[in-house]
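What follows is input_23.cif (mmCIF, C-alpha atoms and all ligand atoms).
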data_run
#
loop_
_atom_site.label_atom_id
_atom_site.label_comp_id
_atom_site.auth_asym_id
_atom_site.auth_seq_id
_atom_site.Cartn_x
_atom_site.Cartn_y
_atom_site.Cartn_z
CA MET D 1 -19.81 18.65 4.38
CA VAL D 2 -17.48 20.43 1.97
CA VAL D 3 -15.37 18.08 -0.14
CA VAL D 4 -12.14 19.99 -0.65
CA GLY D 5 -11.23 19.20 -4.23
CA GLY D 6 -14.82 18.52 -5.28
CA HIS D 7 -14.95 21.58 -7.57
CA ARG D 8 -11.77 20.78 -9.43
CA PRO D 9 -11.39 18.28 -12.28
CA THR D 10 -8.32 16.58 -10.73
CA GLN D 11 -9.17 13.03 -9.65
CA LEU D 12 -7.66 9.70 -8.76
CA VAL D 13 -9.70 7.17 -10.70
CA ILE D 14 -9.65 3.72 -9.09
CA ASP D 15 -10.48 0.72 -11.26
CA CYS D 16 -12.19 -1.78 -8.94
CA GLN D 17 -12.34 -4.31 -11.77
CA ALA D 18 -8.51 -4.27 -11.89
CA LEU D 19 -8.29 -4.71 -8.10
CA ARG D 20 -10.66 -7.67 -8.23
CA ALA D 21 -8.83 -9.25 -11.18
CA ASN D 22 -5.41 -9.06 -9.50
CA ILE D 23 -6.67 -10.40 -6.18
CA HIS D 24 -8.83 -13.10 -7.71
CA THR D 25 -5.97 -14.39 -9.85
CA GLU D 26 -3.79 -14.69 -6.76
CA VAL D 27 -6.53 -16.37 -4.69
CA ASP D 28 -6.85 -18.93 -7.49
CA ARG D 29 -3.10 -19.61 -7.50
CA LEU D 30 -2.87 -20.22 -3.76
CA ALA D 31 -2.68 -23.73 -2.37
CA ALA D 32 -5.93 -25.10 -0.97
CA GLY D 33 -6.51 -23.84 2.56
CA CYS D 34 -4.28 -20.80 2.15
CA ASP D 35 -6.06 -17.51 2.91
CA LEU D 36 -5.40 -14.15 1.29
CA PHE D 37 -5.56 -11.12 3.59
CA MET D 38 -5.52 -7.91 1.56
CA VAL D 39 -3.13 -5.30 2.96
CA VAL D 40 -5.05 -2.02 3.04
CA LYS D 41 -2.74 0.06 5.25
CA ALA D 42 -2.09 3.72 4.40
CA ASN D 43 -5.61 4.19 3.04
CA GLY D 44 -5.22 1.18 0.80
CA TYR D 45 -1.88 2.39 -0.59
CA GLY D 46 -3.67 5.65 -1.43
CA HIS D 47 -6.52 3.90 -3.28
CA GLY D 48 -9.06 4.15 -0.43
CA ALA D 49 -9.02 1.48 2.31
CA VAL D 50 -12.75 0.80 2.54
CA GLN D 51 -13.33 0.54 -1.21
CA VAL D 52 -10.25 -1.67 -1.68
CA ALA D 53 -11.38 -3.91 1.19
CA GLN D 54 -14.78 -4.26 -0.48
CA ALA D 55 -13.25 -5.16 -3.86
CA ALA D 56 -10.85 -7.59 -2.17
CA LYS D 57 -13.68 -9.28 -0.32
CA GLU D 58 -15.61 -9.69 -3.58
CA ALA D 59 -12.50 -11.22 -5.16
CA GLY D 60 -12.00 -13.83 -2.42
CA ALA D 61 -9.90 -12.16 0.28
CA THR D 62 -10.91 -13.54 3.68
CA GLY D 63 -9.27 -10.91 5.90
CA PHE D 64 -7.33 -7.66 5.98
CA CYS D 65 -4.02 -6.35 7.26
CA VAL D 66 -3.38 -2.77 8.34
CA ALA D 67 -0.42 -0.98 9.90
CA ILE D 68 -2.01 0.90 12.80
CA LEU D 69 -5.01 0.37 15.05
CA ASP D 70 -7.06 3.27 13.66
CA GLU D 71 -6.97 1.70 10.21
CA ALA D 72 -8.52 -1.44 11.69
CA LEU D 73 -11.17 0.61 13.47
CA GLU D 74 -11.99 2.36 10.18
CA LEU D 75 -12.75 -1.02 8.56
CA ARG D 76 -14.86 -2.17 11.52
CA ALA D 77 -16.78 1.12 11.43
CA ALA D 78 -17.43 0.53 7.73
CA GLY D 79 -19.04 -2.80 8.63
CA PHE D 80 -16.38 -5.40 7.79
CA ASP D 81 -16.51 -8.36 10.16
CA GLU D 82 -13.65 -10.38 8.64
CA PRO D 83 -10.41 -10.90 10.60
CA ILE D 84 -8.26 -7.74 10.64
CA LEU D 85 -4.63 -7.90 11.69
CA VAL D 86 -2.67 -4.85 12.84
CA LEU D 87 0.89 -5.48 11.62
CA GLY D 88 2.66 -2.69 13.48
CA VAL D 89 3.37 -2.15 17.15
CA THR D 90 0.40 -0.80 19.08
CA GLU D 91 -0.18 0.60 22.57
CA PRO D 92 -0.86 -2.12 25.16
CA ALA D 93 -3.27 0.34 26.81
CA ASP D 94 -5.47 -0.02 23.71
CA ALA D 95 -5.89 -3.78 24.19
CA PRO D 96 -9.49 -3.37 25.47
CA VAL D 97 -10.67 -1.67 22.28
CA MET D 98 -9.00 -4.41 20.23
CA VAL D 99 -10.89 -7.04 22.23
CA GLU D 100 -14.13 -5.15 21.91
CA GLN D 101 -13.74 -4.85 18.13
CA ASN D 102 -12.21 -8.32 17.71
CA ILE D 103 -9.05 -6.98 16.09
CA SER D 104 -5.97 -9.21 15.87
CA VAL D 105 -2.69 -7.64 16.77
CA ALA D 106 1.01 -8.24 16.16
CA VAL D 107 2.98 -8.74 19.36
CA ALA D 108 6.68 -7.98 19.19
CA ASP D 109 7.85 -8.31 22.79
CA LEU D 110 6.89 -9.87 26.10
CA GLU D 111 6.54 -6.55 27.88
CA TRP D 112 3.66 -5.65 25.54
CA LEU D 113 1.74 -8.73 26.72
CA GLU D 114 2.46 -7.97 30.38
CA LEU D 115 1.22 -4.39 30.03
CA ALA D 116 -1.80 -5.50 27.98
CA THR D 117 -2.65 -8.04 30.71
CA ARG D 118 -2.80 -5.15 33.14
CA SER D 119 -5.07 -2.99 30.97
CA LEU D 120 -7.30 -6.01 30.27
CA SER D 121 -7.62 -6.79 33.98
CA LEU D 122 -9.73 -3.63 34.37
CA PHE D 123 -12.00 -4.76 31.59
CA GLU D 124 -14.67 -7.39 31.29
CA MET D 125 -13.30 -9.89 28.77
CA VAL D 126 -15.95 -10.87 26.24
CA GLN D 127 -13.33 -12.92 24.39
CA PRO D 128 -9.54 -13.18 24.47
CA LEU D 129 -7.43 -10.84 22.33
CA PRO D 130 -6.19 -12.59 19.15
CA VAL D 131 -2.42 -12.14 18.90
CA HIS D 132 0.11 -12.90 16.17
CA LEU D 133 3.72 -13.24 17.29
CA ALA D 134 6.06 -11.17 15.11
CA LEU D 135 9.40 -12.90 14.51
CA ASP D 136 12.40 -10.95 13.27
CA THR D 137 14.22 -13.29 10.90
CA GLY D 138 16.29 -10.53 9.31
CA MET D 139 14.05 -7.57 8.49
CA GLY D 140 15.50 -5.84 11.56
CA ARG D 141 12.29 -3.99 12.32
CA ILE D 142 10.13 -5.62 15.02
CA GLY D 143 9.76 -8.94 16.75
CA PHE D 144 11.39 -11.79 18.64
CA GLN D 145 14.87 -12.72 17.52
CA THR D 146 15.78 -15.95 19.29
CA LYS D 147 14.20 -19.33 19.90
CA ALA D 148 14.59 -18.77 23.66
CA GLU D 149 12.51 -15.58 23.43
CA VAL D 150 9.84 -17.35 21.39
CA GLU D 151 9.68 -20.18 23.93
CA VAL D 152 9.14 -17.72 26.77
CA VAL D 153 6.39 -15.80 25.01
CA VAL D 154 4.57 -18.93 23.83
CA ASP D 155 4.66 -20.16 27.43
CA PHE D 156 3.27 -16.81 28.63
CA LEU D 157 0.38 -17.09 26.14
CA ARG D 158 -0.40 -20.64 27.27
CA GLN D 159 -0.65 -19.34 30.83
CA HIS D 160 -3.05 -16.52 29.92
CA PRO D 161 -5.79 -18.14 27.84
CA ALA D 162 -8.48 -15.84 29.22
CA GLN D 163 -6.60 -12.78 28.01
CA PHE D 164 -4.96 -13.97 24.78
CA ASN D 165 -5.79 -16.22 21.88
CA PHE D 166 -2.50 -17.32 20.25
CA GLU D 167 -3.94 -16.94 16.74
CA GLY D 168 -0.89 -16.47 14.55
CA ILE D 169 2.85 -16.37 14.08
CA PHE D 170 4.63 -14.56 11.27
CA THR D 171 7.71 -12.96 9.83
CA HIS D 172 8.47 -10.48 7.07
CA PHE D 173 11.06 -10.77 4.29
CA SER D 174 13.20 -7.81 3.29
CA THR D 175 14.44 -9.07 -0.09
CA ALA D 176 11.68 -11.27 -1.54
CA ASP D 177 11.57 -8.86 -4.52
CA ASP D 178 15.28 -9.29 -5.27
CA PRO D 179 16.42 -11.62 -8.09
CA ASN D 180 19.28 -12.68 -5.79
CA ASP D 181 17.72 -14.86 -3.08
CA ASP D 182 20.74 -15.41 -0.77
CA TYR D 183 19.43 -13.20 2.03
CA PHE D 184 15.89 -14.48 1.50
CA GLN D 185 17.10 -18.05 2.07
CA LYS D 186 18.89 -16.98 5.25
CA GLN D 187 15.60 -15.59 6.54
CA VAL D 188 13.80 -18.82 5.61
CA ALA D 189 16.38 -20.82 7.59
CA LYS D 190 16.00 -18.51 10.58
CA TRP D 191 12.20 -18.84 10.36
CA HIS D 192 12.51 -22.64 10.54
CA ASP D 193 14.91 -22.36 13.46
CA LEU D 194 12.44 -20.15 15.37
CA THR D 195 9.23 -22.08 14.61
CA ASP D 196 9.85 -25.74 13.69
CA TRP D 197 9.94 -26.81 17.35
CA LEU D 198 6.41 -25.50 18.08
CA PRO D 199 4.35 -28.52 19.20
CA GLN D 200 1.14 -26.85 18.07
CA LYS D 201 0.93 -24.28 15.32
CA PRO D 202 -1.56 -21.42 15.71
CA ARG D 203 -4.42 -20.90 13.23
CA TYR D 204 -2.42 -18.53 10.96
CA VAL D 205 1.19 -19.15 10.01
CA HIS D 206 2.27 -16.47 7.55
CA VAL D 207 5.43 -15.12 5.97
CA SER D 208 4.39 -13.83 2.54
CA ASN D 209 4.07 -10.31 1.26
CA SER D 210 3.20 -9.95 -2.44
CA ALA D 211 6.74 -10.65 -3.62
CA THR D 212 7.01 -13.87 -1.61
CA SER D 213 3.64 -15.10 -2.81
CA LEU D 214 4.42 -14.24 -6.45
CA TRP D 215 7.94 -15.67 -6.61
CA HIS D 216 8.55 -17.93 -3.58
CA ASP D 217 5.12 -19.40 -2.97
CA ALA D 218 6.55 -22.67 -1.62
CA CYS D 219 6.99 -20.91 1.73
CA ASN D 220 3.57 -19.30 1.89
CA GLY D 221 2.30 -20.89 5.11
CA ASN D 222 -1.50 -20.79 5.32
CA MET D 223 -2.10 -17.07 4.77
CA VAL D 224 -0.55 -14.42 2.54
CA ARG D 225 -0.45 -10.70 3.24
CA PHE D 226 -1.13 -9.40 -0.24
CA GLY D 227 -0.39 -5.71 -0.83
CA ALA D 228 1.26 -4.10 -3.85
CA ALA D 229 0.41 -6.78 -6.40
CA GLY D 230 -3.28 -6.51 -5.50
CA TYR D 231 -3.11 -2.88 -6.61
CA GLY D 232 -1.52 -4.00 -9.89
CA LEU D 233 1.97 -2.94 -8.87
CA ASN D 234 4.95 -5.24 -9.38
CA PRO D 235 6.64 -5.33 -5.96
CA SER D 236 10.08 -5.65 -7.58
CA GLY D 237 9.54 -2.60 -9.78
CA THR D 238 10.91 -4.01 -13.02
CA ALA D 239 13.53 -6.40 -11.59
CA ILE D 240 11.47 -9.62 -11.84
CA ALA D 241 8.76 -10.39 -14.39
CA GLU D 242 5.21 -10.82 -13.08
CA PRO D 243 3.94 -14.42 -13.18
CA TYR D 244 0.65 -13.05 -14.57
CA PRO D 245 -0.21 -9.60 -15.89
CA LEU D 246 -0.92 -7.21 -13.03
CA GLN D 247 -3.48 -4.52 -13.79
CA PRO D 248 -2.71 -1.12 -12.24
CA ALA D 249 -5.82 0.21 -10.52
CA MET D 250 -4.86 3.87 -10.07
CA SER D 251 -5.07 6.67 -12.64
CA LEU D 252 -4.61 10.39 -12.05
CA THR D 253 -6.48 12.64 -14.43
CA SER D 254 -7.27 16.32 -14.75
CA GLU D 255 -8.07 18.93 -17.38
CA LEU D 256 -6.32 21.94 -18.88
CA MET D 257 -7.40 24.99 -16.87
CA GLN D 258 -5.92 27.40 -19.38
CA ALA D 259 -3.78 27.32 -22.54
CA ARG D 260 -2.00 30.45 -23.74
CA LEU D 261 0.50 31.43 -26.38
CA VAL D 262 3.46 32.70 -24.37
CA PRO D 263 6.10 34.80 -26.17
CA ALA D 264 9.71 33.75 -26.76
CA GLY D 265 12.05 34.91 -23.99
CA SER D 266 9.45 34.60 -21.20
CA SER D 267 10.12 32.14 -18.38
CA VAL D 268 7.81 29.69 -16.65
CA SER D 269 7.25 29.04 -12.93
CA TYR D 270 9.29 29.66 -9.78
CA GLY D 271 12.97 30.28 -10.27
CA ALA D 272 12.39 30.99 -13.97
CA THR D 273 14.16 27.71 -14.78
CA TYR D 274 12.55 27.35 -18.21
CA THR D 275 12.79 30.13 -20.78
CA LEU D 276 10.85 29.83 -24.01
CA PRO D 277 13.18 29.61 -27.05
CA GLU D 278 10.27 30.62 -29.29
CA ASP D 279 6.60 31.45 -28.89
CA GLU D 280 4.95 28.36 -27.35
CA TRP D 281 1.54 27.18 -26.25
CA ILE D 282 1.71 26.62 -22.50
CA GLY D 283 -1.06 24.75 -20.71
CA THR D 284 -1.74 24.92 -16.98
CA VAL D 285 -2.98 21.92 -14.97
CA SER D 286 -4.40 22.15 -11.45
CA VAL D 287 -2.15 19.51 -9.84
CA GLY D 288 0.87 20.15 -7.66
CA TYR D 289 3.03 18.78 -4.94
CA ALA D 290 0.35 19.54 -2.33
CA ASP D 291 -1.68 16.86 -4.08
CA GLY D 292 1.19 14.39 -3.84
CA TYR D 293 2.43 14.86 -7.41
CA PRO D 294 6.17 15.18 -6.76
CA ARG D 295 7.94 18.48 -7.32
CA ARG D 296 10.81 16.59 -8.96
CA MET D 297 8.61 15.80 -11.99
CA GLN D 298 9.79 18.85 -13.93
CA GLY D 299 10.94 17.62 -17.35
CA PHE D 300 8.70 14.51 -17.30
CA ASP D 301 5.58 14.10 -19.45
CA VAL D 302 1.84 14.16 -19.00
CA LEU D 303 -0.69 13.12 -21.64
CA VAL D 304 -2.79 15.93 -23.09
CA ASP D 305 -5.59 14.41 -25.15
CA GLY D 306 -3.40 11.29 -25.46
CA GLN D 307 -0.27 13.18 -26.58
CA ARG D 308 2.92 13.31 -24.53
CA CYS D 309 3.68 16.88 -23.37
CA GLU D 310 6.62 17.95 -21.25
CA ILE D 311 6.24 19.59 -17.84
CA VAL D 312 8.14 22.87 -18.18
CA GLY D 313 9.32 24.91 -15.22
CA ARG D 314 9.01 23.84 -11.63
CA VAL D 315 5.96 21.97 -10.35
CA CYS D 316 4.17 24.37 -8.00
CA MET D 317 2.21 23.50 -4.87
CA ASP D 318 -1.12 23.52 -6.72
CA GLN D 319 -0.39 23.83 -10.44
CA LEU D 320 2.01 22.76 -13.14
CA MET D 321 2.66 23.92 -16.68
CA VAL D 322 3.16 21.86 -19.83
CA ARG D 323 4.37 22.69 -23.33
CA LEU D 324 1.63 21.99 -25.89
CA PRO D 325 2.29 21.19 -29.55
CA HIS D 326 -0.53 23.56 -30.54
CA ARG D 327 -3.56 25.27 -29.15
CA TYR D 328 -5.91 23.10 -27.07
CA PRO D 329 -9.23 24.21 -25.61
CA ARG D 330 -9.75 24.67 -21.92
CA ARG D 331 -10.97 21.43 -20.26
CA THR D 332 -8.94 19.18 -22.58
CA LYS D 333 -8.28 15.90 -20.75
CA VAL D 334 -4.90 15.55 -19.02
CA THR D 335 -3.66 12.15 -17.83
CA LEU D 336 -0.80 12.21 -15.33
CA ILE D 337 -1.04 8.47 -14.54
CA GLY D 338 -2.85 6.00 -16.73
CA GLN D 339 -3.66 5.36 -20.35
CA ASP D 340 -5.09 7.68 -23.00
CA GLY D 341 -5.15 6.34 -26.54
CA HIS D 342 -1.88 4.61 -27.35
CA GLU D 343 0.13 6.32 -24.63
CA ARG D 344 0.43 5.23 -21.04
CA ILE D 345 2.20 6.59 -17.95
CA THR D 346 2.53 4.25 -14.98
CA LEU D 347 3.21 4.84 -11.29
CA GLN D 348 6.42 2.92 -11.99
CA ASP D 349 7.47 5.53 -14.61
CA ILE D 350 6.91 8.29 -12.07
CA ALA D 351 8.76 6.40 -9.35
CA ASP D 352 11.71 5.74 -11.68
CA TYR D 353 11.89 9.42 -12.60
CA CYS D 354 11.88 10.38 -8.91
CA ASP D 355 14.37 7.66 -8.00
CA THR D 356 11.96 5.99 -5.58
CA ILE D 357 9.43 3.13 -5.53
CA HIS D 358 5.80 3.17 -6.72
CA TYR D 359 4.62 2.50 -3.15
CA GLU D 360 5.79 5.95 -2.07
CA ILE D 361 4.09 7.73 -4.96
CA ALA D 362 0.78 5.81 -4.59
CA CYS D 363 0.35 6.41 -0.87
CA GLY D 364 1.55 10.02 -1.16
CA PHE D 365 -1.58 11.41 -2.83
CA THR D 366 -3.33 13.70 -0.40
CA THR D 367 -6.96 14.03 0.60
CA ARG D 368 -7.34 17.06 -1.70
CA VAL D 369 -7.59 14.65 -4.63
CA PRO D 370 -10.99 12.92 -4.68
CA ARG D 371 -10.93 9.19 -5.33
CA VAL D 372 -13.51 8.18 -7.94
CA TYR D 373 -14.40 4.49 -8.23
CA ARG D 374 -15.12 2.66 -11.47
CA HIS D 375 -16.92 -0.57 -10.65
C1 LIG D 401 3.17 -3.74 3.98
C2 LIG D 401 3.37 -5.14 4.43
C3 LIG D 401 2.99 -6.21 3.61
C4 LIG D 401 2.53 -6.04 2.18
O1 LIG D 401 3.66 -5.85 1.36
P1 LIG D 401 3.52 -5.77 -0.24
O2 LIG D 401 4.92 -5.69 -0.72
O3 LIG D 401 2.77 -4.51 -0.53
O4 LIG D 401 2.78 -6.98 -0.66
C5 LIG D 401 3.07 -7.49 4.15
N1 LIG D 401 3.55 -7.69 5.40
C6 LIG D 401 3.95 -6.68 6.19
C7 LIG D 401 4.46 -6.98 7.56
C8 LIG D 401 3.89 -5.37 5.74
O5 LIG D 401 4.31 -4.38 6.52
#
Please go through the file and, once you have read it, give me the structure as structure tokens.
Ligand SMILES: *Cc1c(COP(=O)(O)O)cnc(C)c1O
Amino acid sequence: MVVVGGHRPTQLVIDCQALRANIHTEVDRLAAGCDLFMVVKANGYGHGAVQVAQAAKEAGATGFCVAILDEALELRAAGFDEPILVLGVTEPADAPVMVEQNISVAVADLEWLELATRSLSLFEMVQPLPVHLALDTGMGRIGFQTKAEVEVVVDFLRQHPAQFNFEGIFTHFSTADDPNDDYFQKQVAKWHDLTDWLPQKPRYVHVSNSATSLWHDACNGNMVRFGAAGYGLNPSGTAIAEPYPLQPAMSLTSELMQARLVPAGSSVSYGATYTLPEDEWIGTVSVGYADGYPRRMQGFDVLVDGQRCEIVGRVCMDQLMVRLPHRYPRRTKVTLIGQDGHERITLQDIADYCDTIHYEIACGFTTRVPRVYRH
């Protein structure tokens, strides 16, 4: 099989040691009996779902969360037999494959269960489908909104024990990464209103993403859905200090493909937006927006042999140009994310420059960039 990108020096280097350290530190901080499920949706936030799941398992994670069914199937195909929870809304017609693969699924409305009952009736049940009820306490995305709705669905589950195993109940906070916790506390109150009456709690009661577990761990329940922080990314960006140092796991490196002395008065890249005021050494790097390196990065820096160099002219689809302080040989190391010598560029720096969050940059790297794992 041809690996597209295998003959180019551009790579995402993933530090499995950093993944394990972040996850292990959190597992150690959790109250006794509280599980950590590593969130590996979106190809493990761009880091590679299977490899992140492996590192997480080694560090003490006891299950995984994903966003869509196929991501769960990918982990099962790779041989993981831990619990896997699909957090997003799925197709009720796919309930049989979930049963077959023992995949737990978020349920956000009663109709889903009714339709799933129908698709399961055509299927020989080896075991009931594990379901987690999604409660909307203020995220405004999916789930049951009132106590009356929760009562009805819990009753439905009790009446269909052959089809469904009521395995979990959960909610999701929209502002757990905000220094102001007013809205967070409203969601906590709503959560209590929707769940305190339950005579019997299911196996997993969970509310915490990374931010909640890092900064509001009193509400953790008995499982946390640990995402960003496991990858070494502060979920608040820079708004709240990390309770322990998070180690970023992702670096993006390449090499100079060419370095040339370009004469004063020439321009660089599409639109000729940069014109050389004097003769300058211009280096070309084989990374572009087709790789997920944002086009808006013009004017930002990369590290060439550990030295900050500015990206001049527009970032192209497959290449970008930098201004070098002097001549460098072809194949000189270029670091777009990560550390080289005393200088360091983080995903957070890139996100800030693009006016977005590190999550979007991390999961935006495309399959053309091979992921290389340092164990
Ligand atoms: C993505 C997601 C998480 C993980 O969030 P982080 O901020 O990355 O820790 C947890 N729960 C749900 C429902 C999610 O969608």
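Note that CA of Leu113 in chain D and CA of Val97 in chain D are 15.0 Å apart.
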Problem set entry | Test item: residues no farther than 10 Å from ligand LIG 401 (chain D), counting only C-alpha atoms and all ligand atoms, as a VMD selection string | chain D and resid 37 to 42 44 to 45 65 to 67 86 to 88 106 134 139 141 to 142 170 to 174 176 to 177 206 to 214 224 to 231 233 to 236 359
Problem set entry | Answer as a count of residues only, residues within 7 Å of (12.9, 34.1, -29.0) using all atoms listed in the file | 6
Problem set entry | One-decimal distance in Å that lies between CA of Glu343 in chain D and CA of Thr25 in chain D | 26.2 Å
Problem set entry | range 281-289 of chain D surroundings by only C-alpha atoms, 7 Å radius, close-in-sequence under 3 positions cut, as a list in words |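 Residues near the query, excluding close chain neighbours: Thr10, Glu255, Leu256, Met257, Gln258, Ala259, Arg260, Leu261, Val262, Gly292, Tyr293, Pro294, Arg295, Val315, Cys316, Met317, Asp318, Gln319, Leu320, Met321, Val322, Arg323, Leu324, Pro325, His326 and Arg327 of chain D.
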For this session: Would you mind listing what lies within 12 Å of Pro248 in chain D as a PyMOL selection string, with all atoms listed in the file counted and same-chain residues fewer than 3 positions away left out?
Result: chain D and resi 13-23+47+228-234+245+251-252+337-339+344-348+358+362
How big is the axis-aligned box around all listed atoms of range 324-329 of chain D once 3 Å goes on each side, and where's its centre, in Å to one decimal, as AutoDock Vina command-line options?
--center_x -3.5 --center_y 23.2 --center_z -28.1 --size_x 17.5 --size_y 10.1 --size_z 10.9
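Going from CA of Ser104 in chain D to CA of Pro130 in chain D covers 4.7 Å.
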